[in-house]
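S.K.: Structure provided below as structure tokens; questions to follow.
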Amino acid sequence: MLIGLTGGIGSGKSTVAKRLTELGATEIDADVLAREVVAPNTLGIKEVAGRFGEDLITADGSLDRALLAQRAFASEADRKDLEGILHPLIQKLSREKIGALSGLVVYTIPLLVETNSSLPFDKIITISAPERIRIERLMASRGMSEQQAKERIAAQASDEEREAIADFVINSDCSMQELLDQVDRVFHEATK
């Protein structure tokens with residue numbers, strides 16, 4: 001069974017994914033795959049550097065992700081160019097990894113709506129939280145400025161767009177115990 005787990009940046013996907021793995025799922029994280037496709041000496045890093053600047057490749061051959069974020073989020077056109085490079089590579093890698101697994105697989109994919117993923121999800125779970133909460137989380141956990149957090153949120157689909165494609169919606173604007181209780185209920189409902 002393949003479950004798509006989505007939600008905007010700062011919505012609580014990592015916490016929910018961790019709980020789902022505790023309940024027996026195997027997780028594949030699109031953000032991890034996004035780093036894999038731009039590892040040193042990959043086609044991805046070469047294409048990104050070709051479009052956004054060779055100075056993005058550090059002395060050890062890795063990608064300067066902070067500098068890339070500055071450049072890629074400078075305009076919608078730049079962001080779309082980056083997505084055009086990365087999304088096909090991530091989708092190919094995700095299909096390979098999912099195809100190699102059996103049992104319950106949770107694919108954490110923040111940009112499910114934006115990428116129009118063709119993966120055959122059995123169920124989709126969306127994590128939602130008010131924008132002000134997400135901004136606070138991003139400032140606290142990732143050291144973003146308020147403006148940076150707002151820009152990242154604005155670059156993604158809205159909660160309403162994600163909820164429209166979801167079989168289950170989990171609201172993460174609650175206590176940790178309430179969140180875990182919601183995840184447990186959704187897990188049992190989705191897998192019965």
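Each chain of the structure tokens is named A, B, ... in the order shown, its residues numbered from 1; ligands are numbered from 1 in display order.
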What lies within 12 Å of A:Glu151 using only C-alpha atoms, ignoring chain neighbours under 2 positions off, as a PDB file with N, CA, C and O atoms, in the first residue's frame?

M.R.:
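Generated file (selection28.pdb):
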ATOM      1  N   ILE A   9       5.507  23.509   3.895  1.00  0.00           N
ATOM      2  CA  ILE A   9       6.706  23.659   4.706  1.00  0.00           C
ATOM      3  C   ILE A   9       6.296  24.128   6.110  1.00  0.00           C
ATOM      4  O   ILE A   9       5.458  25.015   6.264  1.00  0.00           O
ATOM      5  N   ALA A  69      19.225  28.303  -2.794  1.00  0.00           N
ATOM      6  CA  ALA A  69      17.906  28.782  -2.355  1.00  0.00           C
ATOM      7  C   ALA A  69      17.772  30.280  -2.610  1.00  0.00           C
ATOM      8  O   ALA A  69      16.720  30.744  -3.080  1.00  0.00           O
ATOM      9  N   GLN A  70      18.833  31.038  -2.328  1.00  0.00           N
ATOM     10  CA  GLN A  70      18.788  32.487  -2.585  1.00  0.00           C
ATOM     11  C   GLN A  70      18.497  32.762  -4.055  1.00  0.00           C
ATOM     12  O   GLN A  70      17.677  33.604  -4.392  1.00  0.00           O
ATOM     13  N   ALA A  72      17.372  30.545  -6.470  1.00  0.00           N
ATOM     14  CA  ALA A  72      16.178  29.899  -7.023  1.00  0.00           C
ATOM     15  C   ALA A  72      14.895  30.566  -6.559  1.00  0.00           C
ATOM     16  O   ALA A  72      13.892  30.547  -7.280  1.00  0.00           O
ATOM     17  N   PHE A  73      14.921  31.150  -5.355  1.00  0.00           N
ATOM     18  CA  PHE A  73      13.714  31.803  -4.852  1.00  0.00           C
ATOM     19  C   PHE A  73      13.704  33.304  -5.139  1.00  0.00           C
ATOM     20  O   PHE A  73      12.855  34.023  -4.658  1.00  0.00           O
ATOM     21  N   ALA A  74      14.639  33.762  -5.977  1.00  0.00           N
ATOM     22  CA  ALA A  74      14.688  35.173  -6.336  1.00  0.00           C
ATOM     23  C   ALA A  74      13.504  35.562  -7.215  1.00  0.00           C
ATOM     24  O   ALA A  74      13.035  36.698  -7.178  1.00  0.00           O
ATOM     25  N   SER A  75      13.030  34.622  -7.998  1.00  0.00           N
ATOM     26  CA  SER A  75      11.867  34.895  -8.849  1.00  0.00           C
ATOM     27  C   SER A  75      11.127  33.585  -9.102  1.00  0.00           C
ATOM     28  O   SER A  75      11.692  32.494  -8.963  1.00  0.00           O
ATOM     29  N   GLU A  76       9.886  33.718  -9.513  1.00  0.00           N
ATOM     30  CA  GLU A  76       9.107  32.517  -9.819  1.00  0.00           C
ATOM     31  C   GLU A  76       9.710  31.775 -11.007  1.00  0.00           C
ATOM     32  O   GLU A  76       9.736  30.543 -11.040  1.00  0.00           O
ATOM     33  N   ARG A  79      12.625  29.729  -9.782  1.00  0.00           N
ATOM     34  CA  ARG A  79      12.142  28.576  -9.022  1.00  0.00           C
ATOM     35  C   ARG A  79      11.599  27.512  -9.962  1.00  0.00           C
ATOM     36  O   ARG A  79      11.863  26.318  -9.797  1.00  0.00           O
ATOM     37  N   GLU A 131      -0.923  29.554   8.669  1.00  0.00           N
ATOM     38  CA  GLU A 131       0.323  30.141   8.189  1.00  0.00           C
ATOM     39  C   GLU A 131       1.146  30.742   9.326  1.00  0.00           C
ATOM     40  O   GLU A 131       2.365  30.582   9.367  1.00  0.00           O
ATOM     41  N   ARG A 134       3.092  28.060  11.011  1.00  0.00           N
ATOM     42  CA  ARG A 134       4.166  27.560  10.151  1.00  0.00           C
ATOM     43  C   ARG A 134       5.328  28.547  10.109  1.00  0.00           C
ATOM     44  O   ARG A 134       6.488  28.134  10.141  1.00  0.00           O
ATOM     45  N   ILE A 135       5.023  29.836  10.049  1.00  0.00           N
ATOM     46  CA  ILE A 135       6.086  30.853  10.049  1.00  0.00           C
ATOM     47  C   ILE A 135       6.877  30.774  11.349  1.00  0.00           C
ATOM     48  O   ILE A 135       8.111  30.775  11.332  1.00  0.00           O
ATOM     49  N   LEU A 138       9.138  27.707  11.276  1.00  0.00           N
ATOM     50  CA  LEU A 138      10.278  27.854  10.371  1.00  0.00           C
ATOM     51  C   LEU A 138      11.327  28.803  10.936  1.00  0.00           C
ATOM     52  O   LEU A 138      12.523  28.581  10.768  1.00  0.00           O
ATOM     53  N   MET A 144      14.959  30.737   9.717  1.00  0.00           N
ATOM     54  CA  MET A 144      14.530  31.627   8.640  1.00  0.00           C
ATOM     55  C   MET A 144      14.044  32.946   9.218  1.00  0.00           C
ATOM     56  O   MET A 144      13.530  32.983  10.340  1.00  0.00           O
ATOM     57  N   SER A 145      14.187  33.998   8.427  1.00  0.00           N
ATOM     58  CA  SER A 145      13.553  35.257   8.796  1.00  0.00           C
ATOM     59  C   SER A 145      12.060  35.111   8.497  1.00  0.00           C
ATOM     60  O   SER A 145      11.643  34.201   7.778  1.00  0.00           O
ATOM     61  N   GLU A 146      11.272  36.022   9.047  1.00  0.00           N
ATOM     62  CA  GLU A 146       9.839  35.985   8.767  1.00  0.00           C
ATOM     63  C   GLU A 146       9.586  36.102   7.267  1.00  0.00           C
ATOM     64  O   GLU A 146       8.751  35.384   6.707  1.00  0.00           O
ATOM     65  N   GLN A 147      10.333  36.979   6.602  1.00  0.00           N
ATOM     66  CA  GLN A 147      10.158  37.176   5.163  1.00  0.00           C
ATOM     67  C   GLN A 147      10.514  35.908   4.385  1.00  0.00           C
ATOM     68  O   GLN A 147       9.792  35.508   3.468  1.00  0.00           O
ATOM     69  N   GLN A 148      11.621  35.253   4.750  1.00  0.00           N
ATOM     70  CA  GLN A 148      12.011  34.013   4.071  1.00  0.00           C
ATOM     71  C   GLN A 148      10.929  32.946   4.238  1.00  0.00           C
ATOM     72  O   GLN A 148      10.587  32.239   3.293  1.00  0.00           O
ATOM     73  N   ALA A 149      10.402  32.829   5.454  1.00  0.00           N
ATOM     74  CA  ALA A 149       9.357  31.832   5.714  1.00  0.00           C
ATOM     75  C   ALA A 149       8.121  32.131   4.879  1.00  0.00           C
ATOM     76  O   ALA A 149       7.543  31.216   4.268  1.00  0.00           O
ATOM     77  N   ILE A 153       6.474  29.669   1.953  1.00  0.00           N
ATOM     78  CA  ILE A 153       5.069  29.255   2.038  1.00  0.00           C
ATOM     79  C   ILE A 153       4.311  29.703   0.794  1.00  0.00           C
ATOM     80  O   ILE A 153       3.532  28.931   0.217  1.00  0.00           O
ATOM     81  N   ALA A 154       4.558  30.938   0.350  1.00  0.00           N
ATOM     82  CA  ALA A 154       3.851  31.474  -0.823  1.00  0.00           C
ATOM     83  C   ALA A 154       4.210  30.721  -2.100  1.00  0.00           C
ATOM     84  O   ALA A 154       3.406  30.657  -3.039  1.00  0.00           O
ATOM     85  N   ALA A 155       5.411  30.117  -2.137  1.00  0.00           N
ATOM     86  CA  ALA A 155       5.855  29.391  -3.332  1.00  0.00           C
ATOM     87  C   ALA A 155       5.199  28.021  -3.461  1.00  0.00           C
ATOM     88  O   ALA A 155       5.313  27.375  -4.496  1.00  0.00           O
ATOM     89  N   GLN A 156       4.493  27.597  -2.414  1.00  0.00           N
ATOM     90  CA  GLN A 156       3.861  26.280  -2.426  1.00  0.00           C
ATOM     91  C   GLN A 156       2.347  26.396  -2.585  1.00  0.00           C
ATOM     92  O   GLN A 156       1.774  27.465  -2.434  1.00  0.00           O
TER      93      GLN A 156
END

S.K.: Which polymer residues have any atom within 10 Å of an atom of stretch 117-127 of chain A, counting only C-alpha atoms, with same-chain residues fewer than 2 positions away left out, as a ChimeraX atom specification?

M.R.: /A:1-13,16,87-88,91,94-95,98,105-115,129,159-160,162-173,183,186-187,190-191

S.K.: Assign secondary structure with DSSP using the backbone only, and return the residues of stretch 122-177 of chain A in alpha helix (DSSP H) as a PyMOL selection string.

M.R.: chain A and resi 131-142+146-154+159-165+176-177

S.K.: With N, CA and C atoms retained, export the selected residues as a PDB file, in the first residue's frame.

M.R.:
ATOM      1  N   GLU A 131      -0.923  29.554   8.669  1.00  0.00           N
ATOM      2  CA  GLU A 131       0.323  30.141   8.189  1.00  0.00           C
ATOM      3  C   GLU A 131       1.146  30.742   9.326  1.00  0.00           C
ATOM      4  N   ARG A 132       0.507  31.413  10.271  1.00  0.00           N
ATOM      5  CA  ARG A 132       1.270  32.051  11.359  1.00  0.00           C
ATOM      6  C   ARG A 132       2.038  31.010  12.174  1.00  0.00           C
ATOM      7  N   ILE A 133       1.438  29.838  12.366  1.00  0.00           N
ATOM      8  CA  ILE A 133       2.100  28.761  13.103  1.00  0.00           C
ATOM      9  C   ILE A 133       3.282  28.239  12.301  1.00  0.00           C
ATOM     10  N   ARG A 134       3.092  28.060  11.011  1.00  0.00           N
ATOM     11  CA  ARG A 134       4.166  27.560  10.151  1.00  0.00           C
ATOM     12  C   ARG A 134       5.328  28.547  10.109  1.00  0.00           C
ATOM     13  N   ILE A 135       5.023  29.836  10.049  1.00  0.00           N
ATOM     14  CA  ILE A 135       6.086  30.853  10.049  1.00  0.00           C
ATOM     15  C   ILE A 135       6.877  30.774  11.349  1.00  0.00           C
ATOM     16  N   GLU A 136       6.173  30.691  12.473  1.00  0.00           N
ATOM     17  CA  GLU A 136       6.856  30.575  13.773  1.00  0.00           C
ATOM     18  C   GLU A 136       7.750  29.340  13.810  1.00  0.00           C
ATOM     19  N   ARG A 137       7.246  28.219  13.317  1.00  0.00           N
ATOM     20  CA  ARG A 137       8.034  26.979  13.309  1.00  0.00           C
ATOM     21  C   ARG A 137       9.282  27.121  12.457  1.00  0.00           C
ATOM     22  N   LEU A 138       9.138  27.707  11.276  1.00  0.00           N
ATOM     23  CA  LEU A 138      10.278  27.854  10.371  1.00  0.00           C
ATOM     24  C   LEU A 138      11.327  28.803  10.936  1.00  0.00           C
ATOM     25  N   MET A 139      10.884  29.845  11.602  1.00  0.00           N
ATOM     26  CA  MET A 139      11.827  30.777  12.221  1.00  0.00           C
ATOM     27  C   MET A 139      12.574  30.086  13.363  1.00  0.00           C
ATOM     28  N   ALA A 140      11.860  29.283  14.154  1.00  0.00           N
ATOM     29  CA  ALA A 140      12.459  28.620  15.310  1.00  0.00           C
ATOM     30  C   ALA A 140      13.337  27.438  14.912  1.00  0.00           C
ATOM     31  N   SER A 141      12.845  26.606  13.991  1.00  0.00           N
ATOM     32  CA  SER A 141      13.565  25.363  13.697  1.00  0.00           C
ATOM     33  C   SER A 141      14.596  25.486  12.577  1.00  0.00           C
ATOM     34  N   ARG A 142      14.388  26.410  11.665  1.00  0.00           N
ATOM     35  CA  ARG A 142      15.300  26.505  10.520  1.00  0.00           C
ATOM     36  C   ARG A 142      16.042  27.837  10.451  1.00  0.00           C
ATOM     37  N   GLU A 146      11.272  36.022   9.047  1.00  0.00           N
ATOM     38  CA  GLU A 146       9.839  35.985   8.767  1.00  0.00           C
ATOM     39  C   GLU A 146       9.586  36.102   7.267  1.00  0.00           C
ATOM     40  N   GLN A 147      10.333  36.979   6.602  1.00  0.00           N
ATOM     41  CA  GLN A 147      10.158  37.176   5.163  1.00  0.00           C
ATOM     42  C   GLN A 147      10.514  35.908   4.385  1.00  0.00           C
ATOM     43  N   GLN A 148      11.621  35.253   4.750  1.00  0.00           N
ATOM     44  CA  GLN A 148      12.011  34.013   4.071  1.00  0.00           C
ATOM     45  C   GLN A 148      10.929  32.946   4.238  1.00  0.00           C
ATOM     46  N   ALA A 149      10.402  32.829   5.454  1.00  0.00           N
ATOM     47  CA  ALA A 149       9.357  31.832   5.714  1.00  0.00           C
ATOM     48  C   ALA A 149       8.121  32.131   4.879  1.00  0.00           C
ATOM     49  N   LYS A 150       7.724  33.389   4.819  1.00  0.00           N
ATOM     50  CA  LYS A 150       6.548  33.767   4.024  1.00  0.00           C
ATOM     51  C   LYS A 150       6.767  33.466   2.537  1.00  0.00           C
ATOM     52  N   GLU A 151       7.982  33.715   2.043  1.00  0.00           N
ATOM     53  CA  GLU A 151       8.281  33.455   0.633  1.00  0.00           C
ATOM     54  C   GLU A 151       8.199  31.961   0.325  1.00  0.00           C
ATOM     55  N   ARG A 152       8.730  31.140   1.213  1.00  0.00           N
ATOM     56  CA  ARG A 152       8.694  29.685   0.990  1.00  0.00           C
ATOM     57  C   ARG A 152       7.262  29.180   1.008  1.00  0.00           C
ATOM     58  N   ILE A 153       6.474  29.669   1.953  1.00  0.00           N
ATOM     59  CA  ILE A 153       5.069  29.255   2.038  1.00  0.00           C
ATOM     60  C   ILE A 153       4.311  29.703   0.794  1.00  0.00           C
ATOM     61  N   ALA A 154       4.558  30.938   0.350  1.00  0.00           N
ATOM     62  CA  ALA A 154       3.851  31.474  -0.823  1.00  0.00           C
ATOM     63  C   ALA A 154       4.210  30.721  -2.100  1.00  0.00           C
ATOM     64  N   ASP A 159      -2.997  25.201   1.697  1.00  0.00           N
ATOM     65  CA  ASP A 159      -3.593  24.085   2.439  1.00  0.00           C
ATOM     66  C   ASP A 159      -4.885  23.634   1.749  1.00  0.00           C
ATOM     67  N   GLU A 160      -5.668  24.586   1.252  1.00  0.00           N
ATOM     68  CA  GLU A 160      -6.934  24.249   0.610  1.00  0.00           C
ATOM     69  C   GLU A 160      -6.709  23.388  -0.633  1.00  0.00           C
ATOM     70  N   GLU A 161      -5.679  23.709  -1.402  1.00  0.00           N
ATOM     71  CA  GLU A 161      -5.382  22.914  -2.601  1.00  0.00           C
ATOM     72  C   GLU A 161      -4.946  21.495  -2.218  1.00  0.00           C
ATOM     73  N   ARG A 162      -4.129  21.390  -1.167  1.00  0.00           N
ATOM     74  CA  ARG A 162      -3.695  20.059  -0.719  1.00  0.00           C
ATOM     75  C   ARG A 162      -4.870  19.274  -0.131  1.00  0.00           C
ATOM     76  N   GLU A 163      -5.707  19.947   0.653  1.00  0.00           N
ATOM     77  CA  GLU A 163      -6.861  19.272   1.265  1.00  0.00           C
ATOM     78  C   GLU A 163      -7.832  18.756   0.204  1.00  0.00           C
ATOM     79  N   ALA A 164      -7.901  19.450  -0.935  1.00  0.00           N
ATOM     80  CA  ALA A 164      -8.840  19.058  -1.996  1.00  0.00           C
ATOM     81  C   ALA A 164      -8.485  17.699  -2.602  1.00  0.00           C
ATOM     82  N   ILE A 165      -7.224  17.294  -2.533  1.00  0.00           N
ATOM     83  CA  ILE A 165      -6.828  16.004  -3.115  1.00  0.00           C
ATOM     84  C   ILE A 165      -6.647  14.925  -2.044  1.00  0.00           C
ATOM     85  N   MET A 176       1.165  17.944  21.038  1.00  0.00           N
ATOM     86  CA  MET A 176       1.808  16.773  20.457  1.00  0.00           C
ATOM     87  C   MET A 176       0.943  15.525  20.639  1.00  0.00           C
ATOM     88  N   GLN A 177       0.348  15.363  21.810  1.00  0.00           N
ATOM     89  CA  GLN A 177      -0.467  14.178  22.045  1.00  0.00           C
ATOM     90  C   GLN A 177      -1.696  14.164  21.144  1.00  0.00           C
TER      91      GLN A 177
END

S.K.: Write out as a PyMOL selection string all residues of stretch 45-179 of chain A that backbone DSSP assigns to strand (DSSP E or B).

M.R.: chain A and resi 57+63+105-108+123-128+168-171

S.K.: Could you tell me which of A:Lys46, A:Asp184, A:Pro40, A:Val32 comes closest to A:Ala59 if we count only C-alpha atoms?

M.R.: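 Among A:Lys46, A:Asp184, A:Pro40, A:Val32, it is A:Pro40 that comes nearest to A:Ala59.
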